[in-house]
Amino acid sequence: MPDLTELHVSRAIALLEEGRTMRYVGNDLGVAPSVIYRLWKRYRETGEYSRRRGQGRKRKTTRLQERYIVNCALRNRTTTARDLQNTLRTATGVEISEQTVGNRLLEANLRSRRPVRAVRRTIQHRQARRQFAQNHANWQLRHWRPVLFTDESRFRLTRCDGRLRVYRRPGERYSAAAVQEYDKFGCGSVIVWGGVSLDERTDLVVVPGRLCAQTYIENVLEDHVWPAACMYGMGPDFLLMQDNARPHTAAITSDYLRQQEIRVMEWPSISPDLNPIEHIWDLLDRRIRKRPIAPQTLQQLTEALIEEWERIPQEDIRRIIRSMPRRCQAVIRAHGGHTRY
């Protein structure tokens, strides 16, 4: 008999006692009349709604074996149901199907999911991240206000990220209508630089060709970071946040920043989750994808990026930067490891 809740069973009994037919009750609950017949028969025999103990197919695994399956899955998160099936057979001699293995994992609230892809971090990376988070965990908004978060990002004209789905019939997997074609190198890309703070944002800078230290100084620092620093009065409060990419840490870049008396925030390596501008890039990318007409050329992509950058509400940027205390706390809880940001 299909599993019916006590509420459904009590409703079925009440309808039958009112004189309704079993077919009517079955249609009302979405089950076959035979189910209602067995339910009514059991109720008249025992006077109870609940199922009698011992009914149903007996489980092929004991609680100890089920705990063993779950522990094996937790020790090796990439194992398969077939591997767990063979492991249990070797350990206990019990033969179960892959479906049973999956059912036991579901009962333990373990579901197969795609792993999150993240950059590998060494112990030194995690220690530096944790130290940074501890040093800035108690910073308030007034401390983050003079910080200019900056970064570069690459936007491709076309891409195949696996998110697109198609409707197809059996046997149409390789039909022209069900195949998504893409160019190996994405038909070209555009590299842009941007900076955001709680109250302002810089212009979006299109980086010509490959970014080097000299290009970074001439096209970014002189034209955009220096004006931003002047806007903050070149006082001791202004802080430039940049990651540890080679153009940012080159000797000539460091010399220029030192000559202009621009303070640079010490930033832990491989820490995009701490930089709020990464979420701004994602927001910009989604705005590009939502445009009624997708860019068809690199020039159109460049123009679209500049337009959508200016249209991002400052309140959205402010909301993302306000998450810095939570980001630091998340890094501390993860001991410098991966976070949801």
# chains A, B, ... in the order shown; residues from 1 in each chain; ligands from 1
call {"tool": "residues_around", "arguments": {"residues": "Val207 (chain A)", "least_positions_apart": "5", "cutoff": "12 Å", "atoms": "only C-alpha atoms", "output": "JSON, numbers by chain"}}
result
{"A": [151, 152, 153, 154, 155, 189, 190, 191, 192, 193, 194, 212, 213, 214, 215, 216, 217, 218, 219, 220, 302]}
call {"tool": "select_by_dssp", "arguments": {"residues": "region 91-186 of chain A", "states": "helix (DSSP H, G or I)", "output": "PyMOL selection string"}}
result
chain A and resi 91-92+98-107+123-136+141-144+176-178
call {"tool": "atom_distance", "arguments": {"atom1": "CA of Asn71 (chain A)", "atom2": "CA of Gly336 (chain A)"}}
result
26.2 Å
call {"tool": "residues_around", "arguments": {"residues": "Ser254 (chain A)", "least_positions_apart": "5", "cutoff": "12 Å", "atoms": "only C-alpha atoms", "output": "list in words"}}
result
Ala213, Gln214, Tyr216, Ile217, Leu221, Gln242, Asn244, Arg246, Pro247, His248, Thr249, Gln259, Gln260, Glu261, Ile262, Arg263 and Val264 of chain A
call {"tool": "write_last_selection", "arguments": {"atoms": "N, CA and C atoms", "output": "PDB file, in the first residue's frame"}}
result
ATOM      1  N   ALA A 213      53.284  45.510 -16.574  1.00  0.00           N
ATOM      2  CA  ALA A 213      53.462  46.516 -15.535  1.00  0.00           C
ATOM      3  C   ALA A 213      53.395  47.925 -16.109  1.00  0.00           C
ATOM      4  N   GLN A 214      54.027  48.151 -17.260  1.00  0.00           N
ATOM      5  CA  GLN A 214      54.034  49.483 -17.858  1.00  0.00           C
ATOM      6  C   GLN A 214      52.631  49.893 -18.274  1.00  0.00           C
ATOM      7  N   TYR A 216      49.889  48.776 -16.990  1.00  0.00           N
ATOM      8  CA  TYR A 216      49.133  48.963 -15.760  1.00  0.00           C
ATOM      9  C   TYR A 216      49.365  50.355 -15.177  1.00  0.00           C
ATOM     10  N   ILE A 217      50.599  50.807 -15.222  1.00  0.00           N
ATOM     11  CA  ILE A 217      50.913  52.138 -14.689  1.00  0.00           C
ATOM     12  C   ILE A 217      50.291  53.231 -15.547  1.00  0.00           C
ATOM     13  N   LEU A 221      46.900  53.148 -13.246  1.00  0.00           N
ATOM     14  CA  LEU A 221      47.311  53.909 -12.061  1.00  0.00           C
ATOM     15  C   LEU A 221      47.299  55.411 -12.313  1.00  0.00           C
ATOM     16  N   GLN A 242      44.761  45.692  -4.371  1.00  0.00           N
ATOM     17  CA  GLN A 242      45.048  44.985  -5.615  1.00  0.00           C
ATOM     18  C   GLN A 242      45.621  43.621  -5.257  1.00  0.00           C
ATOM     19  N   ASN A 244      47.906  40.036  -6.082  1.00  0.00           N
ATOM     20  CA  ASN A 244      49.344  39.861  -6.237  1.00  0.00           C
ATOM     21  C   ASN A 244      49.740  39.416  -7.640  1.00  0.00           C
ATOM     22  N   ARG A 246      51.431  39.706 -11.300  1.00  0.00           N
ATOM     23  CA  ARG A 246      52.776  40.219 -11.582  1.00  0.00           C
ATOM     24  C   ARG A 246      52.792  41.701 -11.963  1.00  0.00           C
ATOM     25  N   PRO A 247      51.869  42.181 -12.792  1.00  0.00           N
ATOM     26  CA  PRO A 247      51.898  43.622 -13.088  1.00  0.00           C
ATOM     27  C   PRO A 247      51.697  44.493 -11.850  1.00  0.00           C
ATOM     28  N   HIS A 248      51.017  43.962 -10.831  1.00  0.00           N
ATOM     29  CA  HIS A 248      50.753  44.744  -9.621  1.00  0.00           C
ATOM     30  C   HIS A 248      51.946  44.776  -8.681  1.00  0.00           C
ATOM     31  N   THR A 249      52.750  43.719  -8.721  1.00  0.00           N
ATOM     32  CA  THR A 249      53.859  43.616  -7.759  1.00  0.00           C
ATOM     33  C   THR A 249      55.227  43.851  -8.401  1.00  0.00           C
ATOM     34  N   GLN A 259      56.386  56.522  -5.029  1.00  0.00           N
ATOM     35  CA  GLN A 259      56.628  57.923  -5.384  1.00  0.00           C
ATOM     36  C   GLN A 259      55.363  58.757  -5.241  1.00  0.00           C
ATOM     37  N   GLN A 260      54.221  58.171  -5.585  1.00  0.00           N
ATOM     38  CA  GLN A 260      52.957  58.901  -5.494  1.00  0.00           C
ATOM     39  C   GLN A 260      52.340  58.833  -4.094  1.00  0.00           C
ATOM     40  N   GLU A 261      53.028  58.139  -3.186  1.00  0.00           N
ATOM     41  CA  GLU A 261      52.570  58.015  -1.790  1.00  0.00           C
ATOM     42  C   GLU A 261      51.177  57.396  -1.716  1.00  0.00           C
ATOM     43  N   ILE A 262      50.962  56.390  -2.543  1.00  0.00           N
ATOM     44  CA  ILE A 262      49.698  55.648  -2.519  1.00  0.00           C
ATOM     45  C   ILE A 262      49.910  54.379  -1.700  1.00  0.00           C
ATOM     46  N   ARG A 263      49.170  54.265  -0.620  1.00  0.00           N
ATOM     47  CA  ARG A 263      49.299  53.084   0.230  1.00  0.00           C
ATOM     48  C   ARG A 263      48.562  51.911  -0.398  1.00  0.00           C
ATOM     49  N   VAL A 264      49.186  50.740  -0.317  1.00  0.00           N
ATOM     50  CA  VAL A 264      48.609  49.516  -0.872  1.00  0.00           C
ATOM     51  C   VAL A 264      48.298  48.560   0.273  1.00  0.00           C
TER      52      VAL A 264
END
call {"tool": "closest_atom_pairs", "arguments": {"of": "region 134-169 of chain A", "to": "region 319-333 of chain A", "cutoff": "10 Å", "atoms": "only C-alpha atoms", "output": "tab-separated table"}}
result
residue	atom	partner	partner_atom	distance
A:Gln134	CA	A:Ile332	CA	6.8
A:Asn135	CA	A:Cys328	CA	9.0
A:His136	CA	A:Cys328	CA	7.0
A:Ala137	CA	A:Cys328	CA	5.4
A:Asn138	CA	A:Pro325	CA	7.0
A:Trp139	CA	A:Pro325	CA	7.0
A:Gln140	CA	A:Pro325	CA	7.8
A:Leu141	CA	A:Arg322	CA	7.0
A:Trp144	CA	A:Ile321	CA	8.1
A:Arg145	CA	A:Ile321	CA	9.1
A:Val147	CA	A:Ile321	CA	10.0
A:Phe149	CA	A:Ile321	CA	9.1
call {"tool": "atom_distance", "arguments": {"atom1": "CA of Arg318 (chain A)", "atom2": "CA of Glu200 (chain A)"}}
result
9.2 Å
call {"tool": "residues_around", "arguments": {"residues": "Trp40 (chain A)", "least_positions_apart": "3", "cutoff": "10 Å", "atoms": "only C-alpha atoms", "output": "PyMOL selection string"}}
result
chain A and resi 9+12-13+16-17+22+34-37+43-45+47-49
